[in-house]
$ cat work01.txt   # compact mmCIF, C-alpha atoms
# COMPACT_ATOMS: atom_id res chain seq x y z
CA MET A 1 -51.86 41.39 -2.59
CA PHE A 2 -50.81 41.23 1.07
CA THR A 3 -53.19 42.69 3.59
CA LYS A 4 -52.23 44.32 6.86
CA THR A 5 -53.53 41.27 8.73
CA SER A 6 -51.46 38.81 6.69
CA CYS A 7 -48.32 40.88 7.25
CA LEU A 8 -48.89 40.82 10.99
CA LEU A 9 -49.29 37.05 10.86
CA LEU A 10 -45.99 36.63 8.95
CA LEU A 11 -44.00 38.91 11.27
CA PRO A 12 -43.35 36.30 14.00
CA LEU A 13 -42.13 33.79 11.40
CA ALA A 14 -39.79 36.36 9.89
CA LEU A 15 -38.37 37.25 13.30
CA THR A 16 -37.81 33.57 14.12
CA PHE A 17 -35.98 33.08 10.82
CA LEU A 18 -33.76 36.11 11.44
CA ASP A 19 -32.97 34.85 14.93
CA PHE A 20 -31.93 31.49 13.48
CA ILE A 21 -29.63 33.17 10.94
CA LEU A 22 -28.06 35.34 13.67
CA MET A 23 -27.42 32.41 15.99
CA SER A 24 -25.94 30.35 13.17
CA SER A 25 -23.54 33.14 12.25
CA LEU A 26 -22.40 33.45 15.86
CA ALA A 27 -21.98 29.70 16.41
CA LYS A 28 -18.45 28.77 17.32
CA PRO A 29 -16.54 26.39 15.02
CA THR A 30 -16.04 22.88 16.33
CA SER A 31 -13.08 22.92 18.68
CA VAL A 32 -10.18 20.51 18.34
CA THR A 33 -8.98 18.69 21.44
CA SER A 34 -5.20 18.23 21.78
CA LEU A 35 -3.76 15.38 23.82
CA ASN A 36 -0.03 15.17 24.52
CA VAL A 37 1.16 11.65 25.33
CA LEU A 38 3.52 13.14 27.93
CA ASN A 39 0.49 14.05 30.01
CA TYR A 40 -0.47 10.36 30.14
CA GLY A 41 2.90 9.18 31.39
CA ALA A 42 4.90 8.67 28.19
CA LYS A 43 8.65 9.22 28.51
CA PRO A 44 10.77 10.45 25.58
CA ASP A 45 13.95 8.73 26.77
CA GLY A 46 13.66 5.56 24.65
CA SER A 47 14.00 3.31 27.69
CA LYS A 48 10.76 3.50 29.71
CA ASP A 49 7.79 1.61 28.29
CA SER A 50 5.20 4.14 27.10
CA THR A 51 2.68 1.61 25.77
CA LYS A 52 0.02 2.35 28.42
CA ALA A 53 0.37 6.10 27.93
CA PHE A 54 -0.30 5.84 24.18
CA LEU A 55 -3.34 3.62 24.77
CA ALA A 56 -4.68 6.00 27.43
CA ALA A 57 -4.45 8.95 25.05
CA TRP A 58 -6.20 6.90 22.38
CA GLY A 59 -9.01 6.03 24.78
CA VAL A 60 -9.74 9.70 25.41
CA ALA A 61 -9.56 10.58 21.71
CA CYS A 62 -11.76 7.65 20.78
CA ALA A 63 -14.53 8.76 23.17
CA SER A 64 -14.45 12.41 22.09
CA THR A 65 -17.24 13.81 19.93
CA ASN A 66 -14.92 16.59 18.75
CA PRO A 67 -11.93 16.24 16.40
CA THR A 68 -8.89 15.25 18.44
CA THR A 69 -5.15 15.50 17.87
CA ILE A 70 -2.79 13.16 19.72
CA ILE A 71 0.63 14.78 19.95
CA VAL A 72 3.82 12.73 20.13
CA PRO A 73 6.53 15.34 20.74
CA GLN A 74 10.24 15.09 20.00
CA GLY A 75 12.12 12.25 21.64
CA ARG A 76 12.25 8.45 21.47
CA PHE A 77 9.22 6.63 22.80
CA LEU A 78 9.57 2.93 23.55
CA VAL A 79 6.37 0.95 23.04
CA GLY A 80 5.41 -2.71 22.83
CA ASN A 81 2.40 -3.99 20.96
CA LEU A 82 -0.18 -1.25 20.43
CA VAL A 83 -3.75 -2.14 19.46
CA PHE A 84 -6.02 0.84 18.73
CA GLN A 85 -9.60 -0.42 18.57
CA GLY A 86 -12.27 1.66 16.89
CA ASN A 87 -15.40 -0.30 17.74
CA LYS A 88 -16.28 2.05 20.62
CA CYS A 89 -15.15 5.28 18.97
CA THR A 90 -17.47 8.12 17.98
CA ASP A 91 -15.82 8.34 14.54
CA ALA A 92 -14.91 11.99 15.11
CA PRO A 93 -11.62 12.65 13.27
CA ILE A 94 -8.46 11.65 15.13
CA SER A 95 -5.07 13.00 14.02
CA ILE A 96 -1.81 11.60 15.36
CA ARG A 97 1.04 14.09 14.89
CA ILE A 98 4.45 12.62 15.53
CA ALA A 99 7.47 14.89 15.90
CA GLY A 100 9.73 12.26 17.43
CA SER A 101 10.38 8.53 17.04
CA ILE A 102 8.41 5.50 18.20
CA VAL A 103 10.69 2.52 18.77
CA ALA A 104 10.10 -1.16 19.43
CA PRO A 105 11.98 -3.15 22.09
CA GLU A 106 15.51 -4.09 21.08
CA ASP A 107 14.71 -7.76 21.69
CA TYR A 108 12.73 -8.66 18.57
CA LYS A 109 10.98 -11.53 20.35
CA VAL A 110 8.95 -9.09 22.47
CA ILE A 111 6.69 -8.07 19.58
CA ALA A 112 7.41 -10.80 16.99
CA SER A 113 4.93 -13.33 18.35
CA SER A 114 1.95 -10.97 17.95
CA LEU A 115 2.39 -10.64 14.15
CA GLN A 116 1.85 -6.84 14.29
CA TRP A 117 3.45 -4.05 16.27
CA ILE A 118 1.07 -1.07 15.81
CA TRP A 119 -2.45 -2.11 14.84
CA PHE A 120 -5.52 0.02 14.08
CA ASP A 121 -8.67 -2.07 13.79
CA GLY A 122 -12.14 -0.84 12.81
CA VAL A 123 -11.23 2.85 12.88
CA THR A 124 -12.68 5.69 10.79
CA ASN A 125 -11.26 9.14 9.99
CA VAL A 126 -7.77 8.53 11.39
CA SER A 127 -4.74 10.44 10.11
CA ILE A 128 -1.05 10.00 10.92
CA TYR A 129 1.35 12.86 10.20
CA GLY A 130 5.14 12.73 10.31
CA GLY A 131 7.33 10.82 12.69
CA LEU A 132 9.54 7.76 12.54
CA LEU A 133 8.70 4.14 13.38
CA ASP A 134 11.72 1.98 14.18
CA ALA A 135 10.80 -1.69 14.65
CA GLN A 136 14.44 -2.68 15.33
CA GLY A 137 14.07 -5.80 13.21
CA SER A 138 17.69 -6.37 12.21
CA GLY A 139 18.14 -9.10 14.84
CA LEU A 140 15.28 -11.09 13.33
CA TRP A 141 16.71 -10.62 9.83
CA LYS A 142 19.98 -12.15 10.99
CA CYS A 143 18.13 -15.08 12.56
CA LYS A 144 16.24 -15.80 9.32
CA ASN A 145 19.22 -15.28 7.03
CA SER A 146 21.33 -17.65 9.09
CA GLY A 147 18.81 -20.44 8.51
CA GLY A 148 17.50 -20.50 12.06
CA LYS A 149 14.50 -22.83 12.31
CA LYS A 150 13.14 -21.27 15.49
CA CYS A 151 12.91 -17.71 14.18
CA PRO A 152 9.46 -16.16 14.66
CA THR A 153 7.56 -14.90 11.64
CA GLY A 154 7.90 -11.32 12.82
CA ALA A 155 5.58 -8.37 13.30
CA LYS A 156 4.23 -6.00 10.70
CA THR A 157 5.13 -2.46 11.70
CA LEU A 158 1.84 -0.64 10.97
CA LEU A 159 -1.43 -2.43 10.21
CA PHE A 160 -4.88 -1.06 9.39
CA THR A 161 -7.78 -3.53 9.21
CA ASN A 162 -11.53 -2.98 8.69
CA SER A 163 -10.99 0.76 8.54
CA ASN A 164 -12.22 3.72 6.47
CA ASN A 165 -10.98 7.19 5.54
CA ILE A 166 -7.35 6.75 6.54
CA ASN A 167 -4.50 9.19 5.83
CA ILE A 168 -0.80 8.49 6.34
CA ASN A 169 1.36 11.47 5.46
CA GLY A 170 5.09 12.05 5.87
CA LEU A 171 5.72 8.94 7.97
CA THR A 172 9.09 7.15 7.98
CA SER A 173 9.35 3.41 8.71
CA ILE A 174 12.72 1.70 9.22
CA ASN A 175 13.97 -1.74 10.25
CA SER A 176 10.61 -3.48 10.06
CA GLN A 177 10.56 -7.09 11.19
CA LYS A 178 8.22 -7.96 8.34
CA PHE A 179 5.89 -5.80 6.18
CA ASN A 180 6.17 -2.07 6.93
CA ILE A 181 2.65 -0.78 6.20
CA VAL A 182 -0.33 -3.08 5.61
CA ILE A 183 -3.79 -2.01 4.46
CA ASP A 184 -6.26 -4.89 4.87
CA LYS A 185 -10.05 -4.88 4.41
CA SER A 186 -10.05 -1.08 4.38
CA ASN A 187 -11.45 1.64 2.12
CA SER A 188 -10.55 5.21 1.11
CA VAL A 189 -6.89 5.18 2.14
CA ASN A 190 -4.37 7.87 1.18
CA ILE A 191 -0.64 7.35 1.74
CA ALA A 192 1.62 10.23 0.75
CA GLY A 193 5.22 11.27 1.25
CA VAL A 194 6.29 8.19 3.20
CA LYS A 195 9.85 6.90 3.43
CA ILE A 196 10.45 3.21 4.00
CA SER A 197 13.87 1.66 4.48
CA ALA A 198 15.20 -1.81 5.22
CA ASP A 199 18.36 -3.66 4.17
CA ALA A 200 18.34 -5.26 0.73
CA ASP A 201 18.76 -8.70 2.32
CA SER A 202 16.01 -8.24 4.93
CA PRO A 203 13.44 -11.00 4.28
CA ASN A 204 9.74 -10.27 3.72
CA THR A 205 10.01 -6.56 4.47
CA ASP A 206 7.51 -5.36 1.85
CA GLY A 207 7.18 -1.58 1.92
CA ILE A 208 3.40 -1.29 1.52
CA HIS A 209 1.05 -4.26 1.17
CA ILE A 210 -2.61 -3.88 0.15
CA GLU A 211 -5.18 -6.64 0.47
CA LYS A 212 -8.99 -6.84 0.20
CA SER A 213 -9.14 -3.05 0.09
CA HIS A 214 -10.84 -0.49 -2.14
CA SER A 215 -9.78 2.99 -3.24
CA VAL A 216 -6.15 3.15 -2.05
CA ASN A 217 -3.89 5.97 -3.25
CA ILE A 218 -0.12 5.97 -2.74
CA THR A 219 1.85 9.02 -3.89
CA ASN A 220 5.28 10.68 -3.76
CA SER A 221 7.08 8.11 -1.63
CA ARG A 222 10.55 6.53 -1.42
CA ILE A 223 10.74 2.82 -0.68
CA GLY A 224 13.79 0.56 -0.44
CA THR A 225 13.48 -2.87 1.21
CA GLY A 226 14.39 -6.54 0.93
CA ASP A 227 11.10 -7.44 -0.75
CA ASP A 228 8.41 -5.73 -2.85
CA CYS A 229 8.33 -1.95 -2.63
CA ILE A 230 4.56 -2.25 -3.00
CA SER A 231 2.55 -5.47 -3.22
CA ILE A 232 -1.11 -5.71 -4.18
CA GLY A 233 -2.84 -8.80 -2.84
CA PRO A 234 -6.18 -10.52 -3.42
CA GLY A 235 -9.40 -8.50 -3.35
CA SER A 236 -7.78 -5.13 -4.08
CA THR A 237 -9.64 -2.72 -6.39
CA TYR A 238 -9.16 0.85 -7.52
CA VAL A 239 -5.53 1.22 -6.46
CA SER A 240 -3.52 4.22 -7.67
CA ILE A 241 0.27 4.36 -7.26
CA GLN A 242 2.08 7.50 -8.46
CA GLY A 243 5.41 9.23 -7.96
CA ILE A 244 7.34 6.36 -6.33
CA HIS A 245 11.10 5.82 -6.08
CA CYS A 246 11.63 2.08 -5.65
CA GLY A 247 14.94 0.40 -4.84
CA PRO A 248 16.44 -1.74 -3.58
CA GLY A 249 13.73 -4.38 -3.52
CA HIS A 250 11.62 -6.66 -5.66
CA GLY A 251 9.70 -3.95 -7.51
CA ILE A 252 5.95 -3.36 -7.58
CA SER A 253 3.96 -6.58 -7.67
CA ILE A 254 0.39 -7.63 -8.21
CA GLY A 255 0.24 -10.88 -6.29
CA SER A 256 1.01 -13.42 -5.54
CA LEU A 257 -2.51 -14.56 -6.43
CA GLY A 258 -4.20 -17.93 -6.70
CA ARG A 259 -2.62 -19.73 -3.78
CA SER A 260 -6.13 -20.79 -2.72
CA GLU A 261 -8.80 -21.65 -5.29
CA ASP A 262 -11.47 -19.19 -4.12
CA GLU A 263 -9.15 -16.22 -3.69
CA GLN A 264 -10.47 -12.85 -4.85
CA GLY A 265 -9.04 -11.06 -7.86
CA VAL A 266 -7.40 -7.68 -8.46
CA GLU A 267 -8.75 -5.03 -10.83
CA ASN A 268 -8.52 -1.35 -11.75
CA VAL A 269 -4.93 -0.63 -10.77
CA MET A 270 -2.81 2.24 -12.12
CA VAL A 271 0.95 2.48 -11.54
CA SER A 272 2.37 5.73 -12.92
CA ASN A 273 5.53 7.85 -12.71
CA VAL A 274 7.73 5.33 -10.94
CA ASP A 275 11.54 5.13 -10.93
CA PHE A 276 13.05 1.67 -10.33
CA THR A 277 16.74 1.50 -9.42
CA SER A 278 18.68 -1.77 -9.01
CA THR A 279 15.56 -3.80 -8.22
CA ASP A 280 15.03 -7.52 -8.88
CA ASN A 281 11.84 -6.69 -10.79
CA GLY A 282 10.15 -3.65 -12.19
CA VAL A 283 6.42 -4.15 -12.72
CA ARG A 284 5.37 -7.72 -11.96
CA ILE A 285 2.26 -9.89 -11.92
CA LYS A 286 2.73 -13.23 -10.18
CA THR A 287 0.28 -16.09 -9.74
CA TRP A 288 0.55 -19.61 -8.39
CA GLY A 289 0.46 -22.63 -10.68
CA LYS A 290 -2.77 -23.92 -9.15
CA ASP A 291 -6.48 -24.18 -9.87
CA SER A 292 -8.05 -20.80 -9.21
CA LYS A 293 -11.11 -18.64 -9.80
CA SER A 294 -9.11 -15.46 -9.37
CA PHE A 295 -8.29 -12.79 -11.96
CA VAL A 296 -6.15 -9.75 -12.78
CA ARG A 297 -7.74 -7.19 -15.11
CA ASN A 298 -7.80 -3.52 -16.06
CA ILE A 299 -4.20 -2.73 -15.13
CA VAL A 300 -2.11 0.22 -16.37
CA PHE A 301 1.66 0.59 -15.95
CA GLN A 302 2.75 3.93 -17.41
CA HIS A 303 5.50 6.59 -17.40
CA ILE A 304 8.09 4.33 -15.79
CA LYS A 305 11.89 4.50 -15.73
CA MET A 306 14.07 1.44 -15.17
CA LYS A 307 17.73 1.68 -14.17
CA MET A 308 19.73 -1.55 -13.89
CA VAL A 309 16.64 -3.68 -13.22
CA LYS A 310 16.85 -7.47 -13.41
CA ASN A 311 13.33 -8.14 -14.76
CA PRO A 312 11.79 -4.84 -15.91
CA ILE A 313 8.49 -6.30 -17.17
CA ILE A 314 7.39 -9.71 -15.97
CA ILE A 315 4.27 -11.83 -15.78
CA ASN A 316 4.99 -15.08 -13.93
CA GLN A 317 2.08 -17.51 -13.77
CA HIS A 318 4.22 -20.33 -12.42
CA TYR A 319 5.16 -18.71 -9.13
CA CYS A 320 5.80 -21.17 -6.32
CA LEU A 321 7.44 -21.17 -2.90
CA ASP A 322 6.25 -24.64 -1.86
CA LYS A 323 8.40 -27.75 -2.07
CA PRO A 324 7.53 -29.62 -4.16
CA CYS A 325 5.64 -27.22 -6.43
CA PRO A 326 2.22 -28.41 -7.65
CA LYS A 327 3.35 -28.26 -11.33
CA LYS A 328 -0.09 -27.18 -12.52
CA GLU A 329 -1.16 -24.39 -14.81
CA SER A 330 -2.46 -21.28 -13.10
CA GLY A 331 -6.21 -20.74 -13.18
CA VAL A 332 -5.82 -16.98 -12.60
CA GLU A 333 -7.14 -15.12 -15.64
CA ILE A 334 -5.06 -12.11 -16.69
CA SER A 335 -6.56 -9.62 -19.14
CA ASN A 336 -6.42 -5.98 -20.25
CA VAL A 337 -2.95 -5.05 -19.03
CA ARG A 338 -1.37 -1.96 -20.59
CA TYR A 339 2.31 -1.01 -20.56
CA GLU A 340 2.80 2.60 -21.72
CA ASP A 341 5.94 4.77 -21.87
CA ILE A 342 8.37 2.44 -20.10
CA GLN A 343 12.05 3.26 -20.66
CA GLY A 344 15.38 2.17 -19.24
CA THR A 345 17.95 -0.56 -18.78
CA SER A 346 17.88 -4.25 -17.92
CA ILE A 347 20.81 -6.14 -16.40
CA THR A 348 19.55 -9.43 -17.87
CA GLU A 349 19.00 -10.25 -21.53
CA VAL A 350 15.31 -11.02 -21.05
CA ALA A 351 13.87 -7.58 -20.34
CA VAL A 352 10.27 -8.60 -21.06
CA MET A 353 8.97 -11.95 -19.82
CA LEU A 354 5.32 -12.90 -20.34
CA ASP A 355 5.10 -16.41 -18.90
CA CYS A 356 1.36 -17.03 -18.88
CA SER A 357 -0.86 -20.03 -18.21
CA LYS A 358 -1.65 -22.65 -20.85
CA GLU A 359 -5.03 -23.14 -19.21
CA LYS A 360 -5.95 -19.44 -19.30
CA PRO A 361 -3.59 -17.49 -21.55
CA CYS A 362 -3.05 -13.77 -20.93
CA THR A 363 -5.26 -11.68 -23.22
CA ASP A 364 -5.39 -8.04 -24.29
CA ILE A 365 -1.81 -7.25 -23.36
CA VAL A 366 -1.00 -3.89 -24.95
CA MET A 367 2.43 -2.24 -25.11
CA SER A 368 3.01 1.31 -26.34
CA ASN A 369 6.27 3.26 -26.42
CA VAL A 370 8.34 0.68 -24.55
CA ASN A 371 12.12 0.89 -24.91
CA LEU A 372 14.22 -1.37 -22.70
CA VAL A 373 17.86 -1.94 -23.56
CA LEU A 374 20.57 -4.16 -22.10
CA GLN A 375 22.79 -2.41 -19.56
CA MET A 376 25.91 -4.07 -21.01
CA VAL A 377 27.55 -2.50 -24.03
CA ASN A 378 27.57 -5.74 -26.00
CA GLY A 379 24.35 -7.58 -26.74
CA SER A 380 20.71 -6.59 -26.91
CA ALA A 381 17.68 -7.13 -24.73
CA GLN A 382 15.22 -9.90 -25.59
CA ALA A 383 11.57 -10.70 -24.91
CA SER A 384 10.10 -14.06 -23.98
CA CYS A 385 6.44 -14.96 -24.56
CA ASN A 386 4.44 -17.99 -23.52
CA ASN A 387 0.65 -18.19 -23.86
CA ALA A 388 0.16 -14.42 -24.18
CA ASN A 389 -1.43 -12.32 -26.89
CA GLY A 390 -2.17 -8.68 -27.50
CA LEU A 391 -1.03 -5.63 -29.42
CA ALA A 392 2.13 -3.59 -29.92
CA ASN A 393 1.68 0.10 -30.66
CA ASP A 394 4.37 2.65 -31.50
CA ILE A 395 7.87 1.62 -30.44
CA VAL A 396 8.20 -1.67 -28.56
CA VAL A 397 11.79 -2.69 -27.76
CA PRO A 398 12.68 -5.46 -27.36
CA PHE A 399 10.55 -7.01 -30.09
CA THR A 400 7.83 -9.02 -28.37
CA PRO A 401 6.64 -11.73 -30.79
CA CYS A 402 3.29 -12.48 -29.14
CA LEU A 403 2.08 -8.89 -29.59
CA LYS A 404 0.72 -8.02 -33.02
CA ARG A 405 1.14 -4.66 -34.69
CA ASP A 406 -2.22 -2.91 -35.04
CA THR A 407 -2.17 -0.17 -37.65
CA LEU A 408 -5.46 1.16 -36.24
CA LEU A 409 -3.62 2.14 -33.06
CA THR A 410 -0.67 3.85 -34.74

$ encode --input "work01.txt" --output "structure tokens"
Amino acid sequence: MFTKTSCLLLLPLALTFLDFILMSSLAKPTSVTSLNVLNYGAKPDGSKDSTKAFLAAWGVACASTNPTTIIVPQGRFLVGNLVFQGNKCTDAPISIRIAGSIVAPEDYKVIASSLQWIWFDGVTNVSIYGGLLDAQGSGLWKCKNSGGKKCPTGAKTLLFTNSNNININGLTSINSQKFNIVIDKSNSVNIAGVKISADADSPNTDGIHIEKSHSVNITNSRIGTGDDCISIGPGSTYVSIQGIHCGPGHGISIGSLGRSEDEQGVENVMVSNVDFTSTDNGVRIKTWGKDSKSFVRNIVFQHIKMKMVKNPIIINQHYCLDKPCPKKESGVEISNVRYEDIQGTSITEVAVMLDCSKEKPCTDIVMSNVNLVLQMVNGSAQASCNNANGLANDIVVPFTPCLKRDTLLT
């Protein structure tokens, strides 16, 4: 039972608690700082260099302890190489909202030597919304396609390295000199609603490349380039790709892997609800014919439509760009790869090619409800198997001789 004295002693504590509740309820929400690049000297005319203005706006946003939005209004903003460093940032969220276009210099040599055009390094909680990036890379494509020996490698359009909690939403990338979007050594990345476009003969213009990164989600995007729509490189784990329209291009590839012996592997990848149109490949795994400690495992390709695709399903463990090729068996170990609900047409007779390593054959390859037919009226699609084994469940067309029927799965 409370006494009068004890109640008097508790009164100050109760009043303090009520004061705390009142002050908390009246506290203002964290304000968002808006920075317009025009206020830092950027010009939307497409001719004056706005590089310093963009970097100045970033410097202010980086130092802010409040969430900050950098606004790029309508217009064309010419910029050279942009490097956004995060090592001195407070890690408060930074949003970059682009209503206009950011364009590279017309002379491709200006940015080509740096290997990247727009680079975010060591940043956290950065989001990019909307806008168009035009790297004006067609001049470099012509140089490379003409056999020029003095052509630079070219710059990646947008690169994130050593970064965390990244969002890219509604961005358009065109005419990239090399890869369009690269995610390297980064974690918790979401890419949604992007559009990526480059000519079908533009060399090495991968749409999105992922390497040494964890938890990357790519959704609802349209990609057409001269190379892979999406490529997944060494050290990538927990990658989800859904709702993609791919074509033209080389399809969606895991690899190449195993070029160096100690290269990291790839695991836990899901590719789902993808439409491939007139691509060189559909879903592909490619590894070098070299000694390797690398691996590919726990992969799912599902709910996929192929239309006039050259190689709808392919595992190539004898990939090589060197001259001469090493002519060795790949040491990359491929296991637990599932192909589920894959339908459509192939423009070559071999619609399924499983060309695996003699040294480490592919294991636990499972196909379910696969139906790939030859685009031509006459003839039928075929499957080719080397050093692969697994199971066939439900319908699997074309017949794939290395996959056994398992009545337990039907």

$ residues_around --input "work01.txt" --residues "Cys143 (chain A)" --least-positions-apart "3" --cutoff "12 Å" --atoms "all atoms listed in the file" --output "list in words"
Tyr108, Lys109, Gly137, Ser138, Gly139, Leu140, Ser146, Gly147, Gly148, Lys149, Lys150, Cys151, Pro152, Thr153, Gly154, Gln177, Ser202 and Pro203 of chain A

$ closest_residue --input "work01.txt" --among "A:Ile395, A:Ile196, A:Leu354, A:Ile244" --to "Thr172 (chain A)" --atoms "only C-alpha atoms"
A:Ile196

$ atom_distance --input "work01.txt" --atom1 "CA of Met353 (chain A)" --atom2 "CA of Gly265 (chain A)"
21.6 Å

$ closest_residue --input "work01.txt" --among "A:Ala392, A:Val397, A:Ala57, A:Val32" --to "Asn371 (chain A)" --atoms "all atoms listed in the file"
A:Val397

$ axis_aligned_box --input "work01.txt" --around "region 116-133 of chain A" --padding-each-side "6 Å" --output "AutoDock Vina command-line options"
--center_x -1.6 --center_y 3.0 --center_z 13.1 --size_x 34.2 --size_y 31.7 --size_z 18.3

$ closest_residue --input "work01.txt" --among "A:Val300, A:Met270, A:Leu372, A:Ile71" --to "Ala53 (chain A)" --atoms "all atoms listed in the file"
A:Ile71

$ atom_distance --input "work01.txt" --atom1 "CA of Asn175 (chain A)" --atom2 "CA of Leu133 (chain A)"
8.5 Å

$ closest_residue --input "work01.txt" --among "A:Asn36, A:Ser260, A:Asn204, A:Thr287" --to "Cys320 (chain A)" --atoms "all atoms listed in the file"
A:Thr287

$ atom_distance --input "work01.txt" --atom1 "CA of Ser95 (chain A)" --atom2 "CA of Asn125 (chain A)"
8.3 Å

$ residues_around --input "work01.txt" --residues "Tyr319 (chain A)" --least-positions-apart "3" --cutoff "8 Å" --atoms "all atoms listed in the file" --output "list of chain:residue names"
A:Ser256, A:Lys286, A:Thr287, A:Trp288, A:Gly289, A:Asn316

$ closest_residue --input "work01.txt" --among "A:Glu267, A:Asp121, A:Glu261, A:Glu211" --to "Tyr238 (chain A)" --atoms "only C-alpha atoms"
A:Glu267

$ closest_residue --input "work01.txt" --among "A:Pro234, A:Gly251, A:Gly193, A:Gly390" --to "Val332 (chain A)" --atoms "only C-alpha atoms"
A:Pro234

$ residues_around --input "work01.txt" --residues "region 37-46 of chain A" --least-positions-apart "4" --cutoff "10 Å" --atoms "only C-alpha atoms" --output "ChimeraX atom specification"
/A:50-58,70-79,100-105

$ residues_around --input "work01.txt" --residues "Glu349 (chain A)" --least-positions-apart "2" --cutoff "9 Å" --atoms "only C-alpha atoms" --output "ChimeraX atom specification"
/A:310,346-347,351-352,373-375,379-383

$ residues_near_point --input "work01.txt" --point "(-15.2, 3.1, 8.4)" --cutoff "7 Å" --atoms "all atoms listed in the file" --output "ChimeraX atom specification"
/A:122-124,163-165

$ residues_near_point --input "work01.txt" --point "(4.1, 3.7, -20.0)" --cutoff "7 Å" --atoms "only C-alpha atoms" --output "list of chain:residue names"
A:Phe301, A:Gln302, A:His303, A:Ile304, A:Tyr339, A:Glu340, A:Asp341, A:Ile342, A:Ser368, A:Asn369, A:Val370

$ residues_around --input "work01.txt" --residues "Ile315 (chain A)" --least-positions-apart "6" --cutoff "10 Å" --atoms "all atoms listed in the file" --output "number ranges by chain"
A: 253-254, 283-287, 334, 352-357, 362, 385-386, 388

$ decode --input "work01.txt" --residues "region 307-345 of chain A" --atoms "C-alpha atoms" --output "short mmCIF file (atom, residue, chain, number, x, y, z; two decimals), in the first residue's frame"
data_model
loop_
_atom_site.label_atom_id
_atom_site.label_comp_id
_atom_site.auth_asym_id
_atom_site.auth_seq_id
_atom_site.Cartn_x
_atom_site.Cartn_y
_atom_site.Cartn_z
CA LYS A 307 11.92 -15.42 -78.57
CA MET A 308 14.34 -16.08 -81.44
CA VAL A 309 17.30 -16.68 -79.11
CA LYS A 310 20.50 -18.23 -80.46
CA ASN A 311 21.49 -20.22 -77.33
CA PRO A 312 18.54 -20.28 -74.91
CA ILE A 313 20.19 -22.44 -72.23
CA ILE A 314 23.96 -22.75 -72.17
CA ILE A 315 26.73 -23.81 -69.83
CA ASN A 316 30.12 -23.21 -71.43
CA GLN A 317 33.10 -24.37 -69.38
CA HIS A 318 35.55 -23.88 -72.23
CA TYR A 319 35.17 -20.12 -72.56
CA CYS A 320 38.28 -18.35 -73.82
CA LEU A 321 39.20 -14.99 -75.30
CA ASP A 322 42.98 -15.48 -75.18
CA LYS A 323 45.06 -16.52 -78.16
CA PRO A 324 46.11 -19.25 -77.95
CA CYS A 325 43.60 -20.72 -75.49
CA PRO A 326 45.06 -22.76 -72.61
CA LYS A 327 43.19 -25.93 -73.74
CA LYS A 328 42.67 -27.11 -70.18
CA GLU A 329 39.60 -28.34 -68.39
CA SER A 330 37.88 -25.80 -66.16
CA GLY A 331 38.36 -26.21 -62.43
CA VAL A 332 35.19 -24.23 -61.66
CA GLU A 333 32.70 -26.52 -59.93
CA ILE A 334 29.09 -26.08 -61.04
CA SER A 335 26.33 -27.62 -58.93
CA ASN A 336 22.65 -27.27 -58.00
CA VAL A 337 21.39 -25.32 -61.00
CA ARG A 338 17.64 -25.38 -61.62
CA TYR A 339 15.84 -24.48 -64.85
CA GLU A 340 12.08 -24.13 -64.27
CA ASP A 341 9.28 -23.02 -66.61
CA ILE A 342 11.39 -21.92 -69.58
CA GLN A 343 9.47 -21.60 -72.86
CA GLY A 344 10.10 -20.22 -76.33
CA THR A 345 12.01 -20.45 -79.58
#
